[in-house]
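Participant: The file below is start.tsv, TSV, C-alpha atoms and all ligand atoms:
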chain	number	residue	atom	x	y	z
A	1	MET	CA	-10.18	-30.17	29.95
A	2	LYS	CA	-7.08	-28.13	29.04
A	3	LYS	CA	-8.33	-25.03	27.20
A	4	GLU	CA	-6.07	-22.90	25.09
A	5	ILE	CA	-6.41	-20.25	22.37
A	6	VAL	CA	-3.76	-20.31	19.63
A	7	ARG	CA	-3.17	-18.27	16.49
A	8	TYR	CA	-4.17	-19.89	13.21
A	9	ASP	CA	-1.03	-20.94	11.32
A	10	PRO	CA	-1.44	-20.65	7.52
A	11	SER	CA	1.61	-22.87	6.99
A	12	ASN	CA	0.00	-25.73	8.95
A	13	PRO	CA	-2.32	-27.74	6.64
A	14	ALA	CA	-4.04	-29.29	9.70
A	15	HIS	CA	-5.29	-25.84	10.72
A	16	ARG	CA	-6.77	-25.12	7.29
A	17	GLU	CA	-8.39	-28.57	7.08
A	18	ALA	CA	-9.89	-28.23	10.58
A	19	VAL	CA	-11.48	-24.86	9.73
A	20	ARG	CA	-12.97	-26.34	6.55
A	21	ARG	CA	-14.26	-29.44	8.36
A	22	ILE	CA	-15.79	-27.40	11.20
A	23	VAL	CA	-17.57	-24.97	8.87
A	24	TYR	CA	-19.15	-27.92	7.05
A	25	ASP	CA	-20.06	-29.72	10.29
A	26	THR	CA	-21.66	-26.62	11.88
A	27	GLY	CA	-22.72	-24.59	8.82
A	28	PHE	CA	-26.47	-25.05	9.18
A	29	GLY	CA	-27.45	-23.05	12.26
A	30	GLY	CA	-24.77	-24.89	14.29
A	31	GLU	CA	-25.51	-28.32	12.81
A	32	THR	CA	-23.98	-30.12	9.87
A	33	VAL	CA	-24.88	-28.77	6.46
A	34	ALA	CA	-24.69	-32.31	4.98
A	35	PRO	CA	-28.48	-32.78	4.55
A	36	TYR	CA	-28.62	-29.54	2.51
A	37	PHE	CA	-25.28	-29.33	0.69
A	38	ASP	CA	-23.15	-32.18	-0.68
A	39	ASN	CA	-20.04	-30.50	-2.05
A	40	PHE	CA	-17.65	-30.14	0.87
A	41	ASP	CA	-15.02	-28.14	-1.05
A	42	LEU	CA	-17.44	-25.62	-2.51
A	43	PHE	CA	-19.14	-25.03	0.84
A	44	ALA	CA	-15.81	-24.58	2.65
A	45	ASP	CA	-14.49	-22.34	-0.14
A	46	MET	CA	-17.60	-20.12	-0.08
A	47	LEU	CA	-17.38	-19.52	3.64
A	48	THR	CA	-13.70	-19.67	4.55
A	49	LEU	CA	-11.45	-19.11	1.52
A	50	TYR	CA	-10.85	-15.43	2.26
A	51	TYR	CA	-9.71	-16.18	5.81
A	52	THR	CA	-7.54	-19.21	4.99
A	53	ASP	CA	-6.03	-18.23	1.63
A	54	TYR	CA	-6.21	-14.43	1.22
A	55	ASP	CA	-5.66	-12.90	4.67
A	56	ALA	CA	-5.02	-15.55	7.29
A	57	SER	CA	-3.32	-13.33	9.82
A	58	HIS	CA	-6.27	-12.52	12.09
A	59	ASN	CA	-7.68	-15.99	12.86
A	60	PHE	CA	-7.67	-17.88	16.16
A	61	LEU	CA	-8.25	-21.53	17.07
A	62	ALA	CA	-9.54	-22.92	20.35
A	63	MET	CA	-7.82	-26.09	21.56
A	64	ALA	CA	-9.37	-28.55	24.01
A	65	ASP	CA	-6.93	-31.16	25.30
A	66	GLY	CA	-4.84	-30.59	22.18
A	67	GLU	CA	-7.76	-31.01	19.72
A	68	ILE	CA	-9.10	-28.17	17.55
A	69	ALA	CA	-12.49	-27.44	19.08
A	70	GLY	CA	-13.53	-24.34	17.15
A	71	TYR	CA	-12.36	-21.30	15.27
A	72	LEU	CA	-12.73	-17.58	15.11
A	73	LEU	CA	-12.10	-16.23	11.62
A	74	GLY	CA	-11.30	-12.57	11.99
A	75	CYS	CA	-10.97	-9.59	9.73
A	76	PRO	CA	-10.14	-6.06	10.95
A	77	ASP	CA	-11.02	-4.45	7.60
A	78	THR	CA	-14.35	-5.59	6.15
A	79	ALA	CA	-14.10	-3.25	3.16
A	80	ALA	CA	-10.88	-5.01	2.06
A	81	CYS	CA	-12.52	-8.41	2.51
A	82	ASP	CA	-15.58	-7.36	0.46
A	83	SER	CA	-13.41	-6.05	-2.32
A	84	VAL	CA	-11.28	-9.24	-2.58
A	85	THR	CA	-14.40	-11.39	-2.36
A	86	LYS	CA	-16.08	-9.58	-5.27
A	87	ARG	CA	-12.93	-9.22	-7.38
A	88	GLU	CA	-11.31	-12.63	-6.86
A	89	ILE	CA	-13.27	-15.16	-4.82
A	90	TYR	CA	-16.72	-15.01	-6.49
A	91	PRO	CA	-15.18	-15.22	-10.00
A	92	ALA	CA	-12.98	-18.17	-8.91
A	93	LEU	CA	-16.00	-20.00	-7.47
A	94	LEU	CA	-17.99	-19.35	-10.62
A	95	ARG	CA	-15.13	-20.62	-12.80
A	96	GLY	CA	-14.97	-23.76	-10.62
A	97	ILE	CA	-18.70	-24.35	-11.08
A	98	ILE	CA	-18.70	-23.74	-14.85
A	99	SER	CA	-15.59	-25.85	-15.48
A	100	GLY	CA	-17.02	-28.76	-13.49
A	101	ARG	CA	-14.21	-28.63	-10.92
A	102	TYR	CA	-16.97	-28.55	-8.31
A	103	LYS	CA	-19.36	-31.38	-9.12
A	104	LEU	CA	-22.76	-30.11	-8.01
A	105	THR	CA	-25.77	-32.18	-7.00
A	106	PRO	CA	-29.43	-31.03	-7.08
A	107	LYS	CA	-29.14	-30.32	-3.32
A	108	ASP	CA	-26.19	-27.99	-3.91
A	109	LEU	CA	-28.02	-26.20	-6.71
A	110	LEU	CA	-31.11	-25.64	-4.54
A	111	TYR	CA	-28.97	-24.13	-1.77
A	112	ILE	CA	-27.16	-21.88	-4.24
A	113	ARG	CA	-30.44	-20.83	-5.86
A	114	ARG	CA	-31.89	-19.87	-2.46
A	115	SER	CA	-28.76	-17.92	-1.54
A	116	LEU	CA	-28.68	-16.10	-4.86
A	117	SER	CA	-32.38	-15.24	-4.83
A	118	ALA	CA	-32.01	-13.73	-1.34
A	119	MET	CA	-29.10	-11.66	-2.70
A	120	ILE	CA	-31.11	-10.55	-5.75
A	121	ARG	CA	-34.05	-9.53	-3.55
A	122	GLY	CA	-31.58	-7.36	-1.62
A	123	GLU	CA	-32.05	-9.33	1.61
A	124	HIS	CA	-28.79	-8.17	3.00
A	125	ILE	CA	-28.18	-5.84	5.93
A	126	ALA	CA	-25.73	-3.07	5.16
A	127	THR	CA	-23.30	-2.72	8.06
A	128	PRO	CA	-21.82	0.58	9.20
A	129	THR	CA	-18.25	-0.43	8.48
A	130	ASP	CA	-17.06	3.12	9.24
A	131	VAL	CA	-17.99	2.65	12.93
A	132	TYR	CA	-17.58	-1.16	13.13
A	133	PRO	CA	-14.92	-1.99	10.51
A	134	ALA	CA	-13.95	-5.44	11.83
A	135	HIS	CA	-16.00	-8.62	11.63
A	136	LEU	CA	-15.74	-12.27	12.63
A	137	HIS	CA	-17.14	-15.76	12.17
A	138	ILE	CA	-17.11	-18.21	15.06
A	139	ASP	CA	-18.09	-21.89	15.20
A	140	PHE	CA	-17.42	-24.71	17.62
A	141	LEU	CA	-17.94	-28.46	17.27
A	142	PRO	CA	-20.97	-29.54	19.35
A	143	GLN	CA	-18.99	-31.54	21.93
A	144	TYR	CA	-16.92	-28.48	22.89
A	145	ARG	CA	-19.73	-25.95	23.31
A	146	ARG	CA	-20.77	-24.31	26.58
A	147	ALA	CA	-17.34	-24.86	28.13
A	148	GLY	CA	-16.28	-21.22	28.06
A	149	LEU	CA	-14.05	-21.58	25.00
A	150	GLY	CA	-16.22	-19.37	22.78
A	151	SER	CA	-16.02	-16.51	25.29
A	152	LYS	CA	-12.27	-17.01	25.66
A	153	ILE	CA	-11.59	-16.80	21.91
A	154	MET	CA	-13.88	-13.75	21.51
A	155	LEU	CA	-12.15	-11.86	24.33
A	156	GLU	CA	-8.76	-12.66	22.84
A	157	TYR	CA	-9.86	-11.46	19.38
A	158	MET	CA	-11.33	-8.24	20.76
A	159	ASP	CA	-8.09	-7.52	22.65
A	160	TYR	CA	-6.19	-8.20	19.44
A	161	LEU	CA	-8.39	-5.73	17.53
A	162	ARG	CA	-7.90	-3.08	20.22
A	163	GLY	CA	-4.14	-3.62	19.82
A	164	LEU	CA	-4.53	-2.85	16.11
A	165	GLY	CA	-6.41	0.34	16.98
A	166	VAL	CA	-9.73	-0.94	15.57
A	167	LYS	CA	-12.71	0.91	17.07
A	168	GLY	CA	-15.62	-1.45	16.48
A	169	VAL	CA	-16.62	-4.96	15.38
A	170	HIS	CA	-19.76	-6.42	13.82
A	171	LEU	CA	-21.01	-9.89	12.95
A	172	GLY	CA	-23.89	-11.47	11.13
A	173	THR	CA	-26.10	-14.16	12.56
A	174	SER	CA	-29.71	-15.29	12.30
A	175	SER	CA	-32.66	-16.22	14.47
A	176	ALA	CA	-31.92	-19.87	13.53
A	177	HIS	CA	-28.62	-19.73	15.43
A	178	ARG	CA	-30.29	-20.24	18.80
A	179	SER	CA	-27.15	-20.26	20.96
A	180	ALA	CA	-25.63	-17.25	19.24
A	181	LEU	CA	-27.78	-14.32	20.42
A	182	PRO	CA	-27.48	-14.95	24.19
A	183	PHE	CA	-23.77	-15.61	23.66
A	184	TYR	CA	-23.15	-12.32	21.87
A	185	ALA	CA	-25.36	-10.41	24.33
A	186	LYS	CA	-23.30	-11.72	27.25
A	187	LEU	CA	-20.17	-10.43	25.51
A	188	GLY	CA	-21.65	-6.93	25.25
A	189	PHE	CA	-22.85	-6.96	21.64
A	190	SER	CA	-26.12	-5.26	20.77
A	191	VAL	CA	-28.48	-5.85	17.86
A	192	TYR	CA	-27.81	-3.25	15.18
A	193	SER	CA	-30.39	-4.42	12.66
A	194	ARG	CA	-32.82	-7.25	11.88
A	195	LEU	CA	-34.20	-8.17	8.49
A	196	ARG	CA	-36.93	-10.70	7.72
A	197	MET	CA	-35.75	-13.23	5.13
A	198	SER	CA	-38.47	-14.50	2.81
A	199	GLU	CA	-36.82	-17.69	1.58
A	200	THR	CA	-33.52	-18.97	2.86
A	201	VAL	CA	-31.37	-22.02	3.20
A	202	PHE	CA	-32.64	-22.24	6.77
A	203	ALA	CA	-36.30	-22.55	5.78
A	204	PRO	CA	-36.47	-26.36	6.26
A	205	LEU	CA	-35.00	-26.06	9.78
A	206	HIS	CA	-36.84	-22.98	10.80
A	207	PRO	CA	-40.41	-22.90	9.48
A	208	GLN	CA	-41.34	-19.77	11.46
A	209	ASP	CA	-40.26	-16.30	10.29
A	210	LEU	CA	-36.52	-16.10	9.95
A	211	TYR	CA	-34.49	-12.97	10.59
A	212	GLY	CA	-30.99	-12.08	9.56
A	213	ILE	CA	-29.40	-10.17	12.43
A	214	VAL	CA	-26.34	-7.95	12.61
A	215	CYS	CA	-24.78	-7.36	16.05
A	216	VAL	CA	-22.22	-4.69	16.86
A	217	LYS	CA	-19.84	-3.70	19.61
A	218	LEU	CA	-17.56	-0.72	20.17
A	219	LEU	CA	-14.13	-1.78	21.38
B	1	LIG	C1	-22.27	-19.77	19.77
B	1	LIG	C2	-20.97	-20.45	20.21
B	1	LIG	C3	-19.81	-19.93	19.38
B	1	LIG	C4	-20.73	-20.11	21.70
B	1	LIG	O1	-19.50	-20.70	22.12
B	1	LIG	P1	-19.46	-21.52	23.51
B	1	LIG	O2	-18.06	-21.91	23.77
B	1	LIG	O3	-20.48	-22.60	23.42
B	1	LIG	O4	-19.95	-20.38	24.52
B	1	LIG	P2	-19.55	-20.18	26.08
B	1	LIG	O5	-19.40	-21.51	26.74
B	1	LIG	O6	-18.36	-19.28	26.15
B	1	LIG	O7	-20.86	-19.44	26.62
B	1	LIG	C5	-20.85	-18.13	27.14
B	1	LIG	C6	-22.25	-17.69	27.44
B	1	LIG	O8	-23.00	-17.59	26.22
B	1	LIG	C7	-24.37	-17.97	26.48
B	1	LIG	N1	-24.68	-19.20	25.73
B	1	LIG	C8	-23.80	-19.97	25.06
B	1	LIG	N2	-24.46	-21.01	24.48
B	1	LIG	C9	-25.76	-20.86	24.81
B	1	LIG	C10	-26.92	-21.64	24.52
B	1	LIG	N3	-26.88	-22.74	23.76
B	1	LIG	N4	-28.11	-21.20	25.03
B	1	LIG	C11	-28.18	-20.09	25.78
B	1	LIG	N5	-27.09	-19.32	26.10
B	1	LIG	C12	-25.90	-19.71	25.62
B	1	LIG	C13	-24.46	-18.25	27.98
B	1	LIG	O9	-24.79	-17.02	28.61
B	1	LIG	C14	-23.04	-18.66	28.30
B	1	LIG	O10	-22.68	-18.45	29.64
B	1	LIG	P3	-22.99	-19.63	30.75
B	1	LIG	O11	-22.55	-20.92	30.15
B	1	LIG	O12	-22.20	-19.19	31.93
B	1	LIG	O13	-24.48	-19.58	30.95
B	1	LIG	C15	-21.05	-22.00	20.08
B	1	LIG	O14	-22.07	-22.49	20.92
B	1	LIG	C16	-21.32	-22.48	18.68
B	1	LIG	O15	-20.40	-22.70	17.91
B	1	LIG	N6	-22.63	-22.67	18.32
B	1	LIG	C17	-23.03	-23.20	17.02
B	1	LIG	C18	-22.59	-22.36	15.83
B	1	LIG	C19	-23.05	-20.93	15.95
B	1	LIG	O16	-24.20	-20.63	16.28
B	1	LIG	N7	-22.10	-20.03	15.63
B	1	LIG	C20	-22.37	-18.61	15.58
B	1	LIG	C21	-22.80	-18.30	14.21
B	1	LIG	S1	-23.27	-16.59	14.05
Show the structure stored in the file as structure tokens.

Facilitator:
Amino acid sequence: MKKEIVRYDPSNPAHREAVRRIVYDTGFGGETVAPYFDNFDLFADMLTLYYTDYDASHNFLAMADGEIAGYLLGCPDTAACDSVTKREIYPALLRGIISGRYKLTPKDLLYIRRSLSAMIRGEHIATPTDVYPAHLHIDFLPQYRRAGLGSKIMLEYMDYLRGLGVKGVHLGTSSAHRSALPFYAKLGFSVYSRLRMSETVFAPLHPQDLYGIVCVKLL
């Protein structure tokens, strides 16, 4: 298999569409979110809009024999991302829901209710963005996993961050993402914080206690 890491190109619609397709096909602990969420556009917008439409300059794609196998959505400045998300993205999503632009099914509403109730209960780990200002999201299609591409894209992103003078990076995962923790550990990340989640979108997949986990690494 020919393996290659390329920069995400915001002017290439195929790159944007692949990111949106992959997040939907892997968005439930590495498996498709389809049994739990129907609205493709809303799901992709919630998770990727910042990286594709607001600041698309720090993303990478992994290619396997010319096909897009996975992505790394990067952000060197989490505070800027949080601010745009609160000021522009959440209101745009809400307007889309209220206006009926996103047509929601009962499944979608249940997922949103679970996400919102976790937020209201404060089930969110605050990250030390002063020490670890960058973050990332990474997902690969199942057929391309365990071929070394995830490590390759992470190493390239971390080199890129060092080039920007960024001192540390963090990421969020959960105990339901079974491949993720050994993967991040091998790349030198350590667990910064764990928080038990009382009710989450992962509950049907993961009946035992579920933990949100933040991992960090100094660069
Ligand atoms: C997690 C993920 C990005 C890793 O990418 P990858 O290309 O599969 O990882 P690599 O092939 O580079 O693996 C590197 C090392 O990570 C560890 N690892 C990766 N997948 C693992 C798994 N399923 N179980 C145990 N260890 C694993 C191993 O130590 C592996 O080294 P080895 O193959 O020499 O033993 C990818 O599997 C994935 O997209 N998973 C589903 C979605 C997900 O969990 N995303 C992260 C959300 S926070």

Participant: Using all atoms listed in the file, determine which residues fall within 9 Å of ligand LIG 1 (chain B), then list them as a ChimeraX atom specification.

Facilitator: /A:23,26-31,70-72,136-142,144-154,171-174,176-187

Participant: For the selection just defined, write its residues with C-alpha atoms to a file, as an mmCIF file, in the frame of the given file.

Facilitator:
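Saved result, out14.cif, follows:
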data_model
loop_
_atom_site.group_PDB
_atom_site.id
_atom_site.type_symbol
_atom_site.label_atom_id
_atom_site.label_comp_id
_atom_site.auth_asym_id
_atom_site.auth_seq_id
_atom_site.Cartn_x
_atom_site.Cartn_y
_atom_site.Cartn_z
ATOM 1 C CA VAL A 23 -17.570 -24.970 8.870
ATOM 2 C CA THR A 26 -21.660 -26.620 11.880
ATOM 3 C CA GLY A 27 -22.720 -24.590 8.820
ATOM 4 C CA PHE A 28 -26.470 -25.050 9.180
ATOM 5 C CA GLY A 29 -27.450 -23.050 12.260
ATOM 6 C CA GLY A 30 -24.770 -24.890 14.290
ATOM 7 C CA GLU A 31 -25.510 -28.320 12.810
ATOM 8 C CA GLY A 70 -13.530 -24.340 17.150
ATOM 9 C CA TYR A 71 -12.360 -21.300 15.270
ATOM 10 C CA LEU A 72 -12.730 -17.580 15.110
ATOM 11 C CA LEU A 136 -15.740 -12.270 12.630
ATOM 12 C CA HIS A 137 -17.140 -15.760 12.170
ATOM 13 C CA ILE A 138 -17.110 -18.210 15.060
ATOM 14 C CA ASP A 139 -18.090 -21.890 15.200
ATOM 15 C CA PHE A 140 -17.420 -24.710 17.620
ATOM 16 C CA LEU A 141 -17.940 -28.460 17.270
ATOM 17 C CA PRO A 142 -20.970 -29.540 19.350
ATOM 18 C CA TYR A 144 -16.920 -28.480 22.890
ATOM 19 C CA ARG A 145 -19.730 -25.950 23.310
ATOM 20 C CA ARG A 146 -20.770 -24.310 26.580
ATOM 21 C CA ALA A 147 -17.340 -24.860 28.130
ATOM 22 C CA GLY A 148 -16.280 -21.220 28.060
ATOM 23 C CA LEU A 149 -14.050 -21.580 25.000
ATOM 24 C CA GLY A 150 -16.220 -19.370 22.780
ATOM 25 C CA SER A 151 -16.020 -16.510 25.290
ATOM 26 C CA LYS A 152 -12.270 -17.010 25.660
ATOM 27 C CA ILE A 153 -11.590 -16.800 21.910
ATOM 28 C CA MET A 154 -13.880 -13.750 21.510
ATOM 29 C CA LEU A 171 -21.010 -9.890 12.950
ATOM 30 C CA GLY A 172 -23.890 -11.470 11.130
ATOM 31 C CA THR A 173 -26.100 -14.160 12.560
ATOM 32 C CA SER A 174 -29.710 -15.290 12.300
ATOM 33 C CA ALA A 176 -31.920 -19.870 13.530
ATOM 34 C CA HIS A 177 -28.620 -19.730 15.430
ATOM 35 C CA ARG A 178 -30.290 -20.240 18.800
ATOM 36 C CA SER A 179 -27.150 -20.260 20.960
ATOM 37 C CA ALA A 180 -25.630 -17.250 19.240
ATOM 38 C CA LEU A 181 -27.780 -14.320 20.420
ATOM 39 C CA PRO A 182 -27.480 -14.950 24.190
ATOM 40 C CA PHE A 183 -23.770 -15.610 23.660
ATOM 41 C CA TYR A 184 -23.150 -12.320 21.870
ATOM 42 C CA ALA A 185 -25.360 -10.410 24.330
ATOM 43 C CA LYS A 186 -23.300 -11.720 27.250
ATOM 44 C CA LEU A 187 -20.170 -10.430 25.510
#

Participant: I'd like to know which of A:Lys3, A:Val216, A:Ala34, A:Arg20 is closest to Tyr111 of chain A, using only C-alpha atoms.

Facilitator: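 Of the candidates, the smallest distance to Tyr111 of chain A is held by A:Ala34.
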
Participant: Taking only C-alpha atoms into account, which of A:Glu17, A:Asp77, A:Asp130, A:Asp38 comes nearest Leu161 of chain A?

Facilitator: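 Nearest candidate to Leu161 of chain A out of A:Glu17, A:Asp77, A:Asp130, A:Asp38: A:Asp77.
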
Participant: Determine the nearest neighbour of Lys86 of chain A from the options A:Asp55, A:Tyr50, A:Val166, A:Met63, counting all atoms listed in the file.

Facilitator: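 Distance minimum relative to Lys86 of chain A lands on A:Tyr50.
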
Participant: Determine the nearest neighbour of Ala126 of chain A from the options A:His170, A:Lys2, A:Arg87, A:Arg21, counting all atoms listed in the file.

Facilitator: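 Nearest candidate to Ala126 of chain A out of A:His170, A:Lys2, A:Arg87, A:Arg21: A:His170.
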